[in-house]
Amino acid sequence: MKLQIQFISICTALLCVSGVKFNVWDDIRLVGANSHYKGRVEVRRDGVWGTVCSDRWSLYDAHVACKQLGFDGAAIARTGAFYGAGTGPIHHDDLNCKNIENTLDECPGRHGSSDCTHEEDAGVDCIKPSPQAKLPTCRPNQFLCQHFNMCIPARWSCDGDNDCGNNADEADNLCHAPINTGNNSNSLVMDDDSGGDGQSRVQVVLKLEGGKLPNEGRVEVFYNGEWGTICDDNFGMTEADIICRELGFRCV
Ligand SMILES: [Ca+2]
Ligand SMILES: [Ca+2]
Ligand SMILES: [Ca+2]
C-alpha cells in the first residue's frame, strides 16, 4: 500500500464543521408513497424506527420534518395514515413545532410515547427541489446542484440517482463508491494515486471519536491495523468532503 497517512490531528480538526446542529441522514425517512419527497414520516430514536402521530400535525410540524430530511420545507401536512399505517413505536405525538427547529426532537410535544394508533400516522409532501433564478444558500444537510441553482437533500448525493440533472451529485470525484458498513464506523474506498498509475485504490474505515454527541468528534481512520487521525500530503478538500459526507456531516 502506498497511501501515506500521517497522524497529525490538527489536520482533521479542519475537516468537518462541528457544533452545527445537524441530523445524521439515517434518522428520518419517508415511507409508503413510493416517492422521494413524500410519504409517511418515520424517525429513528434509540436505534428503533417508528412513526409520528398526526394529533396536532400541521404545516409547521411538516416543515420541520421536511427540513430535517433536507428539503426546503413542506407543501402539505398529511394526517390519519394518509400514506398507510406504519409499525413499531409511535415516537412523537401532539407536536407543536414553530418551524424554527431543525429536527422533530426539538419541537414542543410528547416524545417517546403517545395516545395514538398507527391509523393516525403523520405524513408529508415536501417541497420538491427545483432550480432557482439565483444561487441559493443550501442548508448543512443539503447538496448544491451548482449548474441548476438547486438545493437537494444531501442524502441524495452518491445514491446512484441523477438528482441534479447533470449527474453532479453522482460525480466520481465526489462519491468514490463509498461503502456503508452499517455500524458506527463507515468504510469507503479512496483513490491512492501516489504511485502515479491512477489505478490503486485503498479501503479505509472511518469513525468519530472524542465527541459528546454522535455528530461530533475527531475523524479517525483504521489503516494498517490501527486507529489514528488522518492527514496526507495529497489529502485535499475533495477527500475531506467525501469523508465528512460519508460520516453524515457538513463539510468545509
Ligand atoms: Ca395525542
Ligand atoms: Ca402541531
Ligand atoms: Ca443522487
# chains A, B, ... in the order shown; residues from 1 in each chain; ligands from 1

call {"tool": "residues_near_ligand", "arguments": {"ligand": "ligand 3", "cutoff": "7 Å", "atoms": "only C-alpha atoms and all ligand atoms", "output": "ChimeraX atom specification"}}
result
/A:156-163,169-170

call {"tool": "residues_around", "arguments": {"residues": "Ile90 (chain A)", "least_positions_apart": "4", "cutoff": "6 Å", "atoms": "only C-alpha atoms", "output": "VMD selection string"}}
result
chain A and resid 50 to 52

call {"tool": "atom_distance", "arguments": {"atom1": "CA of Ala85 (chain A)", "atom2": "CA of Arg40 (chain A)"}}
result
8.1 Å

call {"tool": "closest_atom_pairs", "arguments": {"of": "chain A", "to": "ligand 2", "cutoff": "8 Å", "atoms": "only C-alpha atoms and all ligand atoms", "output": "CSV"}}
result
residue,atom,partner,partner_atom_place_in_ligand_line,distance
A:Asp55,CA,ligand 2,1 (Ca),7.3
A:Arg56,CA,ligand 2,1 (Ca),4.1
A:Trp57,CA,ligand 2,1 (Ca),4.2
A:Ser58,CA,ligand 2,1 (Ca),4.7
A:Leu59,CA,ligand 2,1 (Ca),7.6
A:Tyr60,CA,ligand 2,1 (Ca),6.5
A:Asp61,CA,ligand 2,1 (Ca),5.4
A:Asp94,CA,ligand 2,1 (Ca),6.2
A:Leu95,CA,ligand 2,1 (Ca),4.5
A:Asn96,CA,ligand 2,1 (Ca),3.8
A:Cys97,CA,ligand 2,1 (Ca),5.8

call {"tool": "closest_residue", "arguments": {"among": "A:Asp93, A:Asp121, A:Asp72, A:Glu101", "to": "Val31 (chain A)", "atoms": "only C-alpha atoms"}}
result
A:Asp121

call {"tool": "select_by_dssp", "arguments": {"residues": "region 22-206 of chain A", "states": "strand (DSSP E or B)", "output": "ChimeraX atom specification"}}
result
/A:28-31,38-45,48-53,74-78,90-93,110-111,121,123-126,142-145,150-153,179,186-191,201-206

call {"tool": "closest_residue", "arguments": {"among": "A:Pro136, A:Gly109, A:Gly32, A:Gly80", "to": "ligand 1", "atoms": "only C-alpha atoms and all ligand atoms"}}
result
A:Gly109

call {"tool": "closest_residue", "arguments": {"among": "A:Ala122, A:Leu144, A:Leu30, A:Ala77", "to": "ligand 1", "atoms": "only C-alpha atoms and all ligand atoms"}}
result
A:Ala122

call {"tool": "atom_distance", "arguments": {"atom1": "CA of Arg110 (chain A)", "atom2": "CA of Ala75 (chain A)"}}
result
23.9 Å

call {"tool": "closest_residue", "arguments": {"among": "A:Cys145, A:Cys138, A:Cys116, A:Val41", "to": "ligand 1", "atoms": "only C-alpha atoms and all ligand atoms"}}
result
A:Cys116

call {"tool": "residues_around", "arguments": {"residues": "Asp105 (chain A)", "least_positions_apart": "2", "cutoff": "10 Å", "atoms": "only C-alpha atoms", "output": "mmCIF file with all heavy atoms, in the first residue's frame"}}
result
data_model
loop_
_atom_site.group_PDB
_atom_site.id
_atom_site.type_symbol
_atom_site.label_atom_id
_atom_site.label_comp_id
_atom_site.auth_asym_id
_atom_site.auth_seq_id
_atom_site.Cartn_x
_atom_site.Cartn_y
_atom_site.Cartn_z
ATOM 1 N N VAL A 43 -39.208 8.076 11.966
ATOM 2 C CA VAL A 43 -37.992 8.555 12.620
ATOM 3 C C VAL A 43 -37.380 7.413 13.416
ATOM 4 O O VAL A 43 -38.065 6.480 13.825
ATOM 5 C CB VAL A 43 -38.269 9.763 13.545
ATOM 6 C CG1 VAL A 43 -38.748 10.952 12.739
ATOM 7 C CG2 VAL A 43 -39.301 9.410 14.608
ATOM 8 N N ARG A 45 -35.385 6.599 16.798
ATOM 9 C CA ARG A 45 -34.939 7.062 18.113
ATOM 10 C C ARG A 45 -34.360 5.870 18.850
ATOM 11 O O ARG A 45 -34.972 4.799 18.877
ATOM 12 C CB ARG A 45 -36.106 7.654 18.919
ATOM 13 C CG ARG A 45 -36.779 8.826 18.241
ATOM 14 C CD ARG A 45 -37.765 9.492 19.194
ATOM 15 N NE ARG A 45 -37.109 10.553 19.958
ATOM 16 C CZ ARG A 45 -37.432 10.878 21.206
ATOM 17 N NH1 ARG A 45 -38.360 10.212 21.840
ATOM 18 N NH2 ARG A 45 -36.815 11.860 21.814
ATOM 19 N N VAL A 64 -40.752 21.195 9.551
ATOM 20 C CA VAL A 64 -39.568 20.740 10.291
ATOM 21 C C VAL A 64 -39.149 19.350 9.822
ATOM 22 O O VAL A 64 -37.965 19.075 9.612
ATOM 23 C CB VAL A 64 -39.828 20.764 11.812
ATOM 24 C CG1 VAL A 64 -38.653 20.151 12.568
ATOM 25 C CG2 VAL A 64 -40.060 22.198 12.269
ATOM 26 N N ALA A 65 -40.135 18.468 9.635
ATOM 27 C CA ALA A 65 -39.810 17.118 9.152
ATOM 28 C C ALA A 65 -39.116 17.191 7.794
ATOM 29 O O ALA A 65 -38.111 16.508 7.560
ATOM 30 C CB ALA A 65 -41.080 16.268 9.069
ATOM 31 N N HIS A 91 -43.192 7.544 17.992
ATOM 32 C CA HIS A 91 -42.165 8.263 18.747
ATOM 33 C C HIS A 91 -42.568 9.673 19.155
ATOM 34 O O HIS A 91 -42.078 10.191 20.154
ATOM 35 C CB HIS A 91 -40.875 8.349 17.933
ATOM 36 C CG HIS A 91 -40.103 7.068 17.837
ATOM 37 N ND1 HIS A 91 -39.845 6.277 18.927
ATOM 38 C CD2 HIS A 91 -39.531 6.444 16.773
ATOM 39 C CE1 HIS A 91 -39.129 5.227 18.543
ATOM 40 N NE2 HIS A 91 -38.938 5.292 17.242
ATOM 41 N N HIS A 92 -43.414 10.324 18.359
ATOM 42 C CA HIS A 92 -43.803 11.704 18.672
ATOM 43 C C HIS A 92 -45.320 11.840 18.601
ATOM 44 O O HIS A 92 -45.974 11.210 17.767
ATOM 45 C CB HIS A 92 -43.184 12.698 17.688
ATOM 46 C CG HIS A 92 -41.695 12.660 17.598
ATOM 47 N ND1 HIS A 92 -40.860 13.052 18.620
ATOM 48 C CD2 HIS A 92 -40.882 12.284 16.581
ATOM 49 C CE1 HIS A 92 -39.598 12.919 18.243
ATOM 50 N NE2 HIS A 92 -39.587 12.446 17.011
ATOM 51 N N LEU A 95 -47.227 17.224 18.423
ATOM 52 C CA LEU A 95 -46.112 18.133 18.156
ATOM 53 C C LEU A 95 -46.620 19.548 17.917
ATOM 54 O O LEU A 95 -47.675 19.761 17.314
ATOM 55 C CB LEU A 95 -45.304 17.643 16.945
ATOM 56 C CG LEU A 95 -44.471 16.386 17.190
ATOM 57 C CD1 LEU A 95 -43.773 15.950 15.898
ATOM 58 C CD2 LEU A 95 -43.436 16.611 18.298
ATOM 59 N N CYS A 97 -44.489 22.256 16.645
ATOM 60 C CA CYS A 97 -43.293 22.908 16.096
ATOM 61 C C CYS A 97 -43.605 24.344 15.696
ATOM 62 O O CYS A 97 -44.736 24.663 15.301
ATOM 63 C CB CYS A 97 -42.789 22.159 14.860
ATOM 64 S SG CYS A 97 -42.472 20.395 15.097
ATOM 65 N N GLU A 101 -37.284 24.967 14.480
ATOM 66 C CA GLU A 101 -36.490 23.818 14.929
ATOM 67 C C GLU A 101 -35.835 23.128 13.731
ATOM 68 O O GLU A 101 -36.312 23.227 12.600
ATOM 69 C CB GLU A 101 -37.401 22.812 15.656
ATOM 70 C CG GLU A 101 -38.135 23.375 16.871
ATOM 71 C CD GLU A 101 -39.471 24.027 16.508
ATOM 72 O OE1 GLU A 101 -39.763 24.185 15.295
ATOM 73 O OE2 GLU A 101 -40.221 24.390 17.436
ATOM 74 N N ASN A 102 -34.754 22.441 13.998
ATOM 75 C CA ASN A 102 -34.059 21.683 12.952
ATOM 76 C C ASN A 102 -34.540 20.247 12.852
ATOM 77 O O ASN A 102 -34.416 19.621 11.801
ATOM 78 C CB ASN A 102 -32.551 21.681 13.214
ATOM 79 C CG ASN A 102 -31.941 23.042 13.030
ATOM 80 O OD1 ASN A 102 -32.116 23.669 11.996
ATOM 81 N ND2 ASN A 102 -31.239 23.512 14.050
ATOM 82 N N THR A 103 -35.035 19.721 13.954
ATOM 83 C CA THR A 103 -35.495 18.330 13.959
ATOM 84 C C THR A 103 -36.780 18.228 14.773
ATOM 85 O O THR A 103 -37.070 19.085 15.626
ATOM 86 C CB THR A 103 -34.454 17.382 14.590
ATOM 87 O OG1 THR A 103 -34.361 17.656 15.996
ATOM 88 C CG2 THR A 103 -33.084 17.555 13.956
ATOM 89 N N CYS A 107 -38.949 19.976 18.777
ATOM 90 C CA CYS A 107 -40.264 20.623 18.841
ATOM 91 C C CYS A 107 -40.942 20.340 20.182
ATOM 92 O O CYS A 107 -40.806 19.249 20.734
ATOM 93 C CB CYS A 107 -41.163 20.095 17.728
ATOM 94 S SG CYS A 107 -40.594 20.484 16.067
ATOM 95 N N PRO A 108 -41.685 21.318 20.700
ATOM 96 C CA PRO A 108 -42.533 21.010 21.856
ATOM 97 C C PRO A 108 -43.508 19.898 21.493
ATOM 98 O O PRO A 108 -43.965 19.806 20.350
ATOM 99 C CB PRO A 108 -43.272 22.335 22.101
ATOM 100 C CG PRO A 108 -42.442 23.381 21.441
ATOM 101 C CD PRO A 108 -41.814 22.713 20.250
ATOM 102 N N GLY A 109 -43.838 19.074 22.438
ATOM 103 C CA GLY A 109 -44.763 17.976 22.185
ATOM 104 C C GLY A 109 -44.441 16.793 23.072
ATOM 105 O O GLY A 109 -43.652 16.889 24.007
ATOM 106 N N ARG A 110 -45.088 15.707 22.756
ATOM 107 C CA ARG A 110 -44.904 14.492 23.547
ATOM 108 C C ARG A 110 -43.923 13.579 22.806
ATOM 109 O O ARG A 110 -44.165 13.203 21.660
ATOM 110 C CB ARG A 110 -46.276 13.828 23.694
ATOM 111 C CG ARG A 110 -46.318 12.575 24.545
ATOM 112 C CD ARG A 110 -47.790 12.206 24.755
ATOM 113 N NE ARG A 110 -47.939 10.898 25.374
ATOM 114 C CZ ARG A 110 -49.111 10.389 25.753
ATOM 115 N NH1 ARG A 110 -50.226 11.094 25.583
ATOM 116 N NH2 ARG A 110 -49.169 9.191 26.302
ATOM 117 N N HIS A 111 -42.831 13.254 23.459
ATOM 118 C CA HIS A 111 -41.782 12.456 22.819
ATOM 119 C C HIS A 111 -41.615 11.131 23.552
ATOM 120 O O HIS A 111 -41.592 11.078 24.773
ATOM 121 C CB HIS A 111 -40.462 13.209 22.827
ATOM 122 C CG HIS A 111 -40.531 14.563 22.185
ATOM 123 N ND1 HIS A 111 -40.589 14.736 20.823
ATOM 124 C CD2 HIS A 111 -40.594 15.805 22.723
ATOM 125 C CE1 HIS A 111 -40.653 16.026 20.547
ATOM 126 N NE2 HIS A 111 -40.667 16.701 21.685
ATOM 127 N N GLY A 112 -41.528 10.070 22.779
ATOM 128 C CA GLY A 112 -41.264 8.767 23.385
ATOM 129 C C GLY A 112 -42.514 8.001 23.785
ATOM 130 O O GLY A 112 -42.422 6.851 24.209
#

call {"tool": "residues_around", "arguments": {"residues": "Ile152 (chain A)", "least_positions_apart": "6", "cutoff": "6 Å", "atoms": "only C-alpha atoms", "output": "list in words"}}
result
Pro129, Gln142 and Phe143 of chain A

call {"tool": "select_by_dssp", "arguments": {"residues": "region 33-155 of chain A", "states": "alpha helix (DSSP H)", "output": "PDB file with C-alpha atoms, in the first residue's frame"}}
result
ATOM      1  CA  LEU A  59     -47.758  22.519   8.210  1.00  0.00           C
ATOM      2  CA  TYR A  60     -45.328  23.876  10.817  1.00  0.00           C
ATOM      3  CA  ASP A  61     -44.579  20.362  12.016  1.00  0.00           C
ATOM      4  CA  ALA A  62     -44.383  19.116   8.443  1.00  0.00           C
ATOM      5  CA  HIS A  63     -41.939  21.909   7.572  1.00  0.00           C
ATOM      6  CA  VAL A  64     -39.568  20.740  10.291  1.00  0.00           C
ATOM      7  CA  ALA A  65     -39.810  17.118   9.152  1.00  0.00           C
ATOM      8  CA  CYS A  66     -39.065  18.116   5.567  1.00  0.00           C
ATOM      9  CA  LYS A  67     -36.155  20.362   6.561  1.00  0.00           C
ATOM     10  CA  GLN A  68     -34.781  17.532   8.663  1.00  0.00           C
ATOM     11  CA  LEU A  69     -34.937  15.381   5.541  1.00  0.00           C
TER      12      LEU A  69
END

call {"tool": "closest_residue", "arguments": {"among": "A:Asn34, A:Glu120, A:Asp27, A:Ile76", "to": "Cys53 (chain A)", "atoms": "only C-alpha atoms"}}
result
A:Glu120

call {"tool": "closest_residue", "arguments": {"among": "A:Phe82, A:Pro89, A:Gly70, A:Ser114", "to": "Arg44 (chain A)", "atoms": "only C-alpha atoms"}}
result
A:Pro89

call {"tool": "atom_distance", "arguments": {"atom1": "CA of Asn167 (chain A)", "atom2": "CA of Gln146 (chain A)"}}
result
11.1 Å
